[in-house]
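Okay, final_31.cif now, which holds mmCIF, C-alpha atoms:
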```
data_entry
loop_
_atom_site.label_atom_id
_atom_site.label_comp_id
_atom_site.auth_asym_id
_atom_site.auth_seq_id
_atom_site.Cartn_x
_atom_site.Cartn_y
_atom_site.Cartn_z
CA MET A 1 119.61 108.91 76.24
CA LEU A 2 122.74 106.89 77.04
CA LYS A 3 124.13 109.87 78.93
CA GLU A 4 121.12 110.07 81.25
CA ARG A 5 121.13 106.32 81.87
CA ILE A 6 124.85 106.36 82.72
CA GLU A 7 124.29 109.29 85.09
CA PHE A 8 121.41 107.45 86.76
CA LEU A 9 123.42 104.25 87.22
CA CYS A 10 126.46 106.16 88.49
CA LYS A 11 124.27 107.93 91.04
CA LYS A 12 122.91 104.59 92.27
CA LYS A 13 126.45 103.16 92.54
CA ASN A 14 127.82 106.41 94.01
CA LEU A 15 130.45 106.55 91.25
CA SER A 16 131.83 109.60 89.50
CA ARG A 17 132.12 109.49 85.72
CA LYS A 18 135.92 109.61 86.08
CA GLU A 19 135.88 106.61 88.42
CA LEU A 20 133.60 104.73 86.04
CA VAL A 21 135.99 104.91 83.07
CA ASP A 22 139.27 104.88 85.00
CA GLY A 23 141.74 102.69 83.08
CA LEU A 24 139.31 102.18 80.18
CA VAL A 25 139.12 105.45 78.19
CA THR A 26 139.88 109.09 78.86
CA PRO A 27 137.07 111.16 80.41
CA ALA A 28 137.17 113.40 77.31
CA HIS A 29 136.65 110.46 74.95
CA PHE A 30 133.82 109.12 77.13
CA ALA A 31 132.18 112.56 77.12
CA ASN A 32 132.19 112.44 73.31
CA ILE A 33 130.52 109.01 73.42
CA LEU A 34 127.80 110.32 75.73
CA ALA A 35 127.31 113.31 73.42
CA ASP A 36 126.70 110.86 70.53
CA ARG A 37 129.82 112.01 68.69
CA TYR A 38 131.30 108.51 68.78
CA PRO A 39 129.57 105.12 69.12
CA MET A 40 130.25 103.02 72.19
CA ALA A 41 132.34 99.99 71.30
CA GLU A 42 130.97 96.64 72.47
CA ASP A 43 134.08 95.73 74.47
CA LEU A 44 133.96 99.08 76.29
CA ALA A 45 130.24 98.60 76.94
CA GLU A 46 130.98 95.19 78.50
CA GLN A 47 133.60 96.63 80.85
CA ILE A 48 131.49 99.63 81.90
CA ALA A 49 128.38 97.46 82.29
CA GLU A 50 130.30 95.16 84.63
CA ARG A 51 131.27 98.11 86.82
CA LEU A 52 127.65 99.32 86.87
CA GLY A 53 126.16 95.87 87.52
CA VAL A 54 124.07 95.71 84.33
CA GLN A 55 124.09 93.84 81.04
CA PRO A 56 125.98 95.42 78.09
CA SER A 57 122.77 95.67 76.09
CA TYR A 58 121.38 97.96 78.80
CA LEU A 59 123.95 100.50 77.67
CA LEU A 60 124.22 99.69 73.97
CA ARG A 61 120.45 99.94 73.41
CA ALA A 62 119.70 102.75 75.87
CA SER A 63 118.94 105.17 73.03
CA ALA A 64 117.07 102.63 70.87
CA GLU A 65 114.15 104.21 69.01
CA ASP A 66 113.55 101.70 66.22
CA GLU A 67 110.03 100.93 65.00
CA GLU A 68 109.60 97.84 67.19
CA THR A 69 110.81 99.68 70.29
CA LEU A 70 108.47 102.62 69.75
CA ALA A 71 105.56 100.23 69.09
CA THR A 72 106.27 98.51 72.42
CA ALA A 73 106.30 101.83 74.29
CA ASP A 74 103.12 102.96 72.54
CA LYS A 75 101.35 99.74 73.50
CA ILE A 76 102.27 100.28 77.17
CA PHE A 77 100.97 103.84 77.02
CA THR A 78 97.72 102.75 75.36
CA GLU A 79 97.05 99.85 77.74
CA LEU A 80 97.71 101.84 80.92
CA SER A 81 95.76 104.90 79.82
CA LYS A 82 92.56 102.84 79.56
CA LEU A 83 90.60 104.06 82.55
CA GLY A 84 88.56 101.44 84.39
CA ASN A 85 89.99 98.51 82.46
CA THR A 86 89.60 95.16 84.27
CA THR A 87 92.83 93.79 82.77
CA THR A 88 94.97 96.71 84.00
CA GLU A 89 95.97 95.15 87.34
CA SER A 90 97.14 91.93 85.69
CA TYR A 91 98.90 93.88 82.95
CA VAL A 92 100.80 95.99 85.51
CA ASP A 93 101.78 92.92 87.54
CA HIS A 94 103.34 91.24 84.50
CA LEU A 95 104.99 94.35 83.05
CA GLU A 96 108.77 94.35 83.46
CA ASP A 97 110.18 97.57 84.91
CA ARG A 98 113.60 97.26 83.31
CA ASN A 99 114.06 97.54 79.54
CA ASP A 100 117.16 98.05 77.43
CA SER A 101 115.46 101.01 75.72
CA LEU A 102 115.08 104.03 77.99
CA VAL A 103 112.01 105.08 75.99
CA VAL A 104 110.21 101.84 76.91
CA GLU A 105 111.50 101.80 80.48
CA MET A 106 110.56 105.38 81.30
CA THR A 107 107.15 105.01 79.63
CA THR A 108 106.57 101.96 81.84
CA TYR A 109 107.48 103.78 85.04
CA LEU A 110 105.37 106.84 84.19
CA MET A 111 102.28 104.83 83.36
CA LYS A 112 102.68 102.62 86.42
CA ALA A 113 102.86 105.79 88.53
CA VAL A 114 99.59 106.94 86.94
CA TYR A 115 98.03 103.56 87.70
CA PHE A 116 99.11 103.58 91.37
CA GLN A 117 97.84 107.13 91.75
CA GLN A 118 94.45 106.13 90.33
CA ILE A 119 94.07 103.18 92.70
CA ASN A 120 95.23 105.36 95.62
CA ASP A 121 98.40 103.41 96.45
CA PRO A 122 100.70 106.20 97.72
CA THR A 123 103.39 103.76 98.89
CA ALA A 124 103.95 102.25 95.44
CA TYR A 125 103.60 105.68 93.82
CA GLU A 126 106.26 107.22 96.07
CA TYR A 127 108.59 104.21 95.65
CA LEU A 128 108.60 104.65 91.86
CA HIS A 129 109.54 108.30 92.29
CA GLN A 130 112.24 107.80 94.89
CA THR A 131 113.94 104.93 93.06
CA TYR A 132 113.57 106.12 89.47
CA LEU A 133 111.20 108.84 88.31
CA ASN A 134 112.51 111.83 90.26
CA PHE A 135 115.84 111.56 88.46
CA TYR A 136 114.46 111.16 84.94
CA LEU A 137 111.65 113.70 85.33
CA GLU A 138 114.28 116.29 86.17
CA LYS A 139 115.98 115.45 82.86
CA PHE A 140 112.98 114.97 80.58
CA GLY A 141 109.97 116.30 82.50
CA ARG A 142 109.56 119.44 80.39
CA SER A 143 108.36 117.55 77.33
CA ASP A 144 107.51 120.82 75.59
CA GLU A 145 111.20 121.80 75.66
CA VAL A 146 112.88 118.44 75.01
CA GLU A 147 112.68 116.47 71.77
CA LEU A 148 111.36 113.04 72.73
CA PRO A 149 109.87 110.07 70.84
CA ALA A 150 106.08 110.31 70.62
CA PRO A 151 105.21 107.41 73.01
CA LEU A 152 107.39 108.83 75.80
CA LYS A 153 106.10 112.36 75.20
CA LYS A 154 102.50 111.07 75.46
CA ALA A 155 103.33 109.21 78.67
CA ILE A 156 104.88 112.33 80.24
CA LEU A 157 101.87 114.46 79.28
CA PHE A 158 99.42 111.85 80.62
CA TYR A 159 101.42 111.62 83.85
CA LYS A 160 101.30 115.42 84.19
CA ILE A 161 97.57 115.47 83.51
CA GLN A 162 96.88 112.99 86.31
CA TYR A 163 99.23 114.82 88.67
CA PHE A 164 97.63 118.22 87.96
CA ARG A 165 94.13 116.73 88.28
CA SER A 166 95.04 115.41 91.73
CA LYS A 167 96.08 118.95 92.71
CA ASN A 168 93.07 120.62 91.03
CA HIS A 169 95.42 122.66 88.82
CA TYR A 170 93.08 122.64 85.86
CA TYR A 171 94.76 125.32 83.75
CA ASP A 172 97.82 123.06 83.75
CA VAL A 173 95.58 120.08 82.92
CA LEU A 174 94.13 122.02 80.01
CA ASN A 175 97.58 122.91 78.69
CA SER A 176 98.85 119.31 78.91
CA VAL A 177 95.75 117.67 77.43
CA THR A 178 95.78 120.16 74.52
CA GLN A 179 99.33 119.00 73.74
CA LEU A 180 98.35 115.35 74.14
CA ILE A 181 95.43 115.62 71.70
CA ARG A 182 97.86 116.75 68.98
CA LEU A 183 99.83 113.50 69.42
CA VAL A 184 96.99 110.96 69.31
CA GLU A 185 94.97 109.85 66.32
CA GLU A 186 91.41 111.15 66.20
CA GLY A 187 88.78 108.53 66.96
CA THR A 188 91.13 106.23 68.89
CA GLU A 189 90.59 105.28 72.53
CA ASN A 190 93.46 107.58 73.49
CA TRP A 191 91.80 110.48 71.68
CA LEU A 192 88.45 109.78 73.34
CA ASN A 193 90.09 109.66 76.78
CA ALA A 194 91.78 112.97 76.07
CA GLN A 195 88.48 114.51 74.94
CA ASN A 196 86.83 113.53 78.23
CA ILE A 197 89.69 115.09 80.18
CA MET A 198 89.48 118.21 77.99
CA MET A 199 85.78 118.55 78.84
CA GLU A 200 86.50 118.15 82.55
CA ALA A 201 89.27 120.78 82.43
CA CYS A 202 87.15 123.26 80.45
CA ILE A 203 84.35 122.93 83.00
CA GLN A 204 86.72 123.45 85.93
CA VAL A 205 88.20 126.62 84.42
CA LYS A 206 84.70 127.81 83.40
CA GLN A 207 85.27 127.61 79.64
CA PHE A 208 81.73 126.32 79.23
CA ASP A 209 81.29 127.00 75.51
CA GLN A 210 84.47 125.09 74.77
CA ALA A 211 83.32 122.21 77.00
CA LYS A 212 80.05 121.91 75.09
CA GLN A 213 81.87 121.99 71.73
CA VAL A 214 84.16 119.17 72.87
CA PHE A 215 81.14 117.13 73.99
CA GLU A 216 79.28 117.60 70.71
CA GLN A 217 82.36 116.83 68.59
CA THR A 218 83.11 113.69 70.58
CA MET A 219 79.49 112.52 70.57
CA ARG A 220 79.36 112.81 66.77
CA ARG A 221 82.47 110.68 66.50
CA VAL A 222 81.09 108.08 68.92
CA TYR A 223 77.89 107.66 66.91
CA ASP A 224 79.64 107.79 63.52
CA ASP A 225 82.02 105.01 64.55
CA ARG A 226 79.44 103.18 66.71
CA LEU A 227 81.70 103.43 69.76
CA PHE A 228 78.80 102.96 72.14
CA HIS A 229 81.04 101.78 75.01
CA ARG A 230 82.12 105.42 75.30
CA LEU A 231 78.60 106.79 75.86
CA THR A 232 78.58 106.35 79.62
CA GLY A 233 81.82 108.27 80.12
CA LEU A 234 80.65 111.03 77.81
CA TYR A 235 77.32 111.43 79.58
CA VAL A 236 79.09 111.51 82.96
CA ALA A 237 81.33 114.31 81.66
CA TYR A 238 78.37 116.18 80.18
CA SER A 239 76.45 115.91 83.46
CA GLY A 240 79.37 117.75 85.06
CA TYR A 241 78.92 120.50 82.48
CA CYS A 242 75.18 120.73 83.23
CA PHE A 243 75.82 120.84 86.98
CA ALA A 244 78.45 123.57 86.60
CA MET A 245 75.95 125.59 84.55
CA GLY A 246 73.39 125.29 87.35
CA SER A 247 71.10 122.86 85.48
CA VAL A 248 71.00 120.26 88.24
CA GLN A 249 67.91 118.41 86.99
CA GLU A 250 69.42 118.11 83.52
CA ALA A 251 72.63 116.89 85.11
CA LEU A 252 70.72 114.20 87.02
CA LEU A 253 68.87 113.18 83.84
CA THR A 254 72.20 112.92 82.01
CA LEU A 255 73.54 110.67 84.77
CA SER A 256 70.51 108.42 84.26
CA MET A 257 71.42 108.21 80.57
CA ALA A 258 74.99 107.35 81.57
CA GLU A 259 73.69 104.53 83.77
CA ALA A 260 71.38 103.26 81.01
CA ASN A 261 74.38 102.87 78.69
CA LEU A 262 76.41 100.80 81.14
CA VAL A 263 75.24 97.75 79.18
CA TYR A 264 77.88 98.56 76.54
CA LEU A 265 80.73 98.25 79.05
CA GLU A 266 82.54 95.01 79.88
CA ASN A 267 83.24 96.25 83.39
CA ALA A 268 80.52 98.63 84.51
CA ALA A 269 81.33 98.67 88.24
CA ASP A 270 83.88 101.51 88.14
CA MET A 271 81.66 103.77 86.06
CA LEU A 272 78.64 102.94 88.22
CA THR A 273 80.67 104.05 91.24
CA THR A 274 81.37 107.37 89.52
CA ILE A 275 77.71 107.81 88.58
CA LEU A 276 76.55 107.12 92.13
CA ASN A 277 79.18 109.47 93.56
CA ASN A 278 78.12 112.32 91.28
CA ARG A 279 74.43 111.71 91.87
CA ILE A 280 74.89 111.74 95.66
CA ILE A 281 76.75 115.05 95.46
CA MET A 282 74.13 116.61 93.20
CA LEU A 283 71.14 115.41 95.21
CA THR A 284 72.73 116.61 98.44
CA SER A 285 73.48 120.01 96.90
CA ILE A 286 69.80 120.60 96.07
CA GLY A 287 68.49 119.29 99.39
CA GLU A 288 67.07 115.99 98.08
CA LEU A 289 68.54 114.27 101.11
CA ASP A 290 66.29 111.19 101.22
CA LYS A 291 67.12 110.41 97.59
CA ALA A 292 70.80 111.07 98.27
CA LEU A 293 70.68 108.59 101.17
CA GLU A 294 69.08 105.97 98.90
CA GLU A 295 72.03 106.37 96.52
CA VAL A 296 74.47 106.02 99.43
CA VAL A 297 72.83 102.71 100.32
CA ARG A 298 73.18 101.58 96.68
CA PHE A 299 76.82 102.61 96.76
CA GLU A 300 77.45 100.65 99.98
CA ALA A 301 75.77 97.57 98.50
CA LEU A 302 78.06 97.82 95.46
CA VAL A 303 81.15 98.15 97.64
CA SER A 304 80.10 95.19 99.83
CA ARG A 305 80.64 92.88 96.84
CA GLU A 306 84.28 93.95 96.50
CA ARG A 307 87.32 92.35 98.17
CA GLU A 308 88.07 93.28 101.78
CA GLU A 309 90.85 95.81 101.09
CA MET A 310 88.62 97.63 98.62
CA GLN A 311 85.82 97.76 101.18
CA GLN A 312 88.20 99.28 103.72
CA MET A 313 89.42 101.84 101.18
CA MET A 314 85.87 102.88 100.25
CA LEU A 315 84.51 103.04 103.82
CA PRO A 316 85.67 106.65 104.39
CA VAL A 317 84.00 107.65 101.12
CA THR A 318 80.57 106.40 102.14
CA LEU A 319 80.98 107.76 105.68
CA ILE A 320 81.70 111.22 104.28
CA TYR A 321 78.53 111.00 102.17
CA ARG A 322 76.61 110.22 105.35
CA CYS A 323 78.39 113.04 107.24
CA GLU A 324 77.37 115.52 104.56
CA ILE A 325 73.74 114.43 104.68
CA ALA A 326 73.69 114.57 108.51
CA PHE A 327 75.36 118.00 108.42
CA SER A 328 72.84 119.28 105.86
CA ARG A 329 70.03 118.15 108.17
CA LYS A 330 71.78 119.66 111.21
CA ASN A 331 71.43 116.23 112.80
CA TRP A 332 74.37 116.69 115.17
CA GLY A 333 73.87 113.39 117.02
CA LEU A 334 74.02 111.37 113.82
CA LEU A 335 76.94 113.43 112.54
CA SER A 336 78.82 112.71 115.78
CA GLN A 337 78.27 108.95 115.30
CA HIS A 338 79.57 109.05 111.71
CA LEU A 339 82.61 111.08 112.78
CA ASP A 340 83.42 108.50 115.46
CA GLN A 341 83.58 105.88 112.70
CA LEU A 342 85.47 108.13 110.30
CA ARG A 343 88.25 108.84 112.81
CA LYS A 344 89.05 105.10 112.93
CA THR A 345 89.67 104.77 109.18
CA ASN A 346 92.70 105.50 107.02
CA LEU A 347 92.07 108.85 105.35
CA THR A 348 93.46 110.61 102.32
CA THR A 349 94.36 114.30 102.67
CA ASP A 350 91.04 115.30 101.11
CA GLN A 351 89.12 113.05 103.52
CA GLN A 352 91.10 114.31 106.52
CA MET A 353 90.26 117.89 105.59
CA GLY A 354 86.60 116.88 105.24
CA LEU A 355 86.77 115.35 108.71
CA ASP A 356 88.22 118.58 110.12
CA PHE A 357 85.46 120.59 108.48
CA TYR A 358 82.70 118.44 110.01
CA GLU A 359 84.50 118.44 113.38
CA SER A 360 84.56 122.25 113.29
CA GLN A 361 80.85 122.53 112.56
CA LEU A 362 79.92 119.94 115.18
CA ALA A 363 82.05 121.71 117.78
CA LEU A 364 80.38 125.02 116.96
CA ALA A 365 76.92 123.48 117.29
CA GLN A 366 77.94 122.12 120.70
CA GLY A 367 79.20 125.54 121.80
CA ASN A 368 82.86 124.52 121.90
CA GLN A 369 84.44 127.52 120.19
CA ASP A 370 88.04 126.50 120.98
CA ALA A 371 87.63 123.12 119.23
CA PHE A 372 85.82 124.83 116.38
CA TRP A 373 88.70 127.25 115.91
CA VAL A 374 91.34 124.50 115.87
CA HIS A 375 89.55 122.35 113.28
CA ALA A 376 88.45 125.29 111.11
CA GLN A 377 91.99 126.69 110.95
CA GLN A 378 93.28 123.20 110.15
CA CYS A 379 91.17 122.79 107.01
CA LEU A 380 90.78 126.40 105.85
CA PRO A 381 94.11 126.67 103.92
CA TYR A 382 93.29 123.43 102.08
CA PHE A 383 89.87 124.62 100.90
CA GLU A 384 91.32 128.02 100.00
CA ALA A 385 93.94 126.30 97.84
CA LEU A 386 91.17 124.31 96.13
CA GLN A 387 88.92 127.37 95.88
CA HIS A 388 86.02 125.25 97.19
CA PRO A 389 83.17 127.82 97.33
CA THR A 390 80.68 125.79 99.41
CA ARG A 391 83.17 124.94 102.15
CA LEU A 392 84.71 128.42 102.15
CA GLU A 393 81.34 130.15 102.43
CA GLN A 394 80.52 128.10 105.54
CA LEU A 395 83.98 128.53 107.07
CA TYR A 396 84.29 132.28 106.43
CA GLU A 397 80.86 132.97 107.88
CA THR A 398 81.34 130.88 111.02
CA LEU A 399 84.92 132.13 111.57
CA ALA A 400 83.68 135.71 111.26
CA VAL A 401 80.89 135.13 113.80
CA VAL A 402 83.15 133.34 116.29
CA SER A 403 85.83 136.05 115.92
CA GLU A 404 83.21 138.71 116.57
CA ASP A 405 81.90 136.84 119.64
CA SER A 406 85.48 136.69 120.93
CA ARG A 407 85.92 140.46 120.31
CA ARG A 408 88.57 139.83 117.65
CA TYR A 409 87.01 142.45 115.44
CA LYS A 410 89.91 142.80 113.03
CA GLU A 411 89.85 139.07 112.25
CA SER A 412 86.08 139.10 112.01
CA SER A 413 86.21 141.95 109.51
CA ALA A 414 88.80 140.09 107.41
CA TYR A 415 86.63 136.96 107.22
CA TYR A 416 83.54 138.98 106.30
CA ARG A 417 85.50 140.66 103.49
CA LYS A 418 86.57 137.25 102.19
CA LEU A 419 82.97 136.06 102.36
CA VAL A 420 81.69 139.07 100.41
CA TYR A 421 84.38 138.60 97.76
CA LEU A 422 83.48 134.92 97.47
CA LEU A 423 79.76 135.63 97.10
CA ARG A 424 80.41 138.24 94.41
CA LYS A 425 82.34 135.66 92.37
CA LYS A 426 79.48 133.15 92.44
#
```

Represent the structure contained in this file as structure tokens.
Amino acid sequence: MLKERIEFLCKKKNLSRKELVDGLVTPAHFANILADRYPMAEDLAEQIAERLGVQPSYLLRASAEDEETLATADKIFTELSKLGNTTTESYVDHLEDRNDSLVVEMTTYLMKAVYFQQINDPTAYEYLHQTYLNFYLEKFGRSDEVELPAPLKKAILFYKIQYFRSKNHYYDVLNSVTQLIRLVEEGTENWLNAQNIMMEACIQVKQFDQAKQVFEQTMRRVYDDRLFHRLTGLYVAYSGYCFAMGSVQEALLTLSMAEANLVYLENAADMLTTILNNRIIMLTSIGELDKALEEVVRFEALVSREREEMQQMMLPVTLIYRCEIAFSRKNWGLLSQHLDQLRKTNLTTDQQMGLDFYESQLALAQGNQDAFWVHAQQCLPYFEALQHPTRLEQLYETLAVVSEDSRRYKESSAYYRKLVYLLRKK
């Protein structure tokens, strides 16, 4: 790993390898050192480190993989893979980015990237990639092809899982989490986290039998080891299975069981947010709009107790819930009011596409076909990439009708064909 660290530091200093060792050793001898054929002498390390602006130990211990080093990296992976942990923010703040061992350093950067992605901090996430991760991921990112120490391999796989989840690439999630499960000890928190992700991935790729097997296996382990703090997360995952199978009432009942077991969690707020989110979506999907609105009010009350920046971050979420309920009721006046508020907030890509969808449907209801067309075409590729059946069904049907009204019969026919294909897949 010394070779990769030297290359990284040379790139930052805009130095060639020849310039780095000029007057110290021959390029051929240095190449043998980087290939681990010869050890790096301490005096040479001091001279090269001075040219690179680092301490000698940063070079001499770059490839360190001793027991203490691996234990440090494993602790970082374990701590930062705990979802919804109240101590995570403090732990990240106090965690040093730089470490003499590249295994520890890269594990730190990967897990920090996961953390910033989870809290929706794109600025910090992008900074880590531009200043560090892009280089090393190019070297080590294919963990299935490169021999790496276990803690770093786990961190790379977990990073990939979170990245693929954010893109809804669930076959890739399934592949990565299957590899991760082989590296973690059964019954540990890491194993339980991986099992939950495995369930989620199986549901998304419609491997329902496998999802149920994972749930039952994990539930047995939870009760055998009295790991009751995991019950809420398991029930939330299982409710997703029930919902995907079309058993909405069972899914709602399972969410109630998840909420009942919040008492076993030290910090229940994050999981309660997830439960409320899922319940709102499910209730809206079956037309229980009054009950869905009650849950939105509960959600808003929960958010109101958070710090100001969190309230601002969650405002678009609750507004989109209200937009969906207003849209389901065809209450165009109320939808227009919510959209006025939504336009003034900072939106993620997903939220912006949701806004475009509601704008398109409002414009159509108001008879403004030009505005409808602009907004529908803006969000359509996004929902096609996600394979979002509910949104696509609405968009294909309305695009087909508007195309037909505008005598664009070829386009209308194409959208109707897409709609038929979509309905056959359901």

Name the residues that the PyMOL selection byres ((chain A and resi 92) around 10) picks from the file above, as a ChimeraX atom specification, using the file's chain letters and numbers. /A:76,79-80,87-91,93-97,108,111-112,115-116

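When only C-alpha atoms are used to measure the gap to Leu362 (chain A), the shortest distance among A:Val374, A:Trp332, A:Thr178, A:Glu105 belongs to A:Trp332.
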
Between CA of Leu227 (chain A) and CA of Ile197 (chain A), what is the distance in Å, rounded to a tenth? 17.6 Å

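Across the model, the gap from CA of Asn346 (chain A) to CA of Asp370 (chain A) is 25.6 Å.
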
If I put a ball of radius 12 Å at (82.3, 109.4, 115.7) in the file's coordinates, which residues poke into it when counting only C-alpha atoms, written as a ChimeraX atom specification? /A:319-320,322-323,332-345,355,358-359,362

For Val303 (chain A), find every residue with an atom within 12 Å (counting all atoms listed in the file), except residues of its own chain fewer than 6 positions away, and show them as a ChimeraX atom specification. /A:269-270,272-273,276,296-297,309-318

Could you pull the residues within 10 Å of Met199 (chain A), counting all atoms listed in the file, minus those fewer than 4 positions along the same chain, as number ranges by chain? A: 174, 194-195, 203-204, 207-208, 210-215, 218, 234, 237-238, 240-241

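Rounded to one decimal, CA of Arg17 (chain A) and CA of Asn32 (chain A) lie 12.8 Å from each other.
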
Pick from A:Leu70, A:Leu386, A:Leu231, A:Leu419: nearest to Val263 (chain A), with only C-alpha atoms counted?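 When distances to Val263 (chain A) are compared using only C-alpha atoms, the smallest one comes from A:Leu231.
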
Taking only C-alpha atoms into account, name the residue in A:Gln249, A:Gln369, A:Ser256, A:Ser413 that is nearest to Tyr235 (chain A).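 With only C-alpha atoms as the atom set, the closest residue is A:Ser256.
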
Counting all atoms listed in the file, which residue out of A:Thr349, A:Asn168, A:Ser176, A:Ser328 sits closest to Met198 (chain A)? A:Ser176
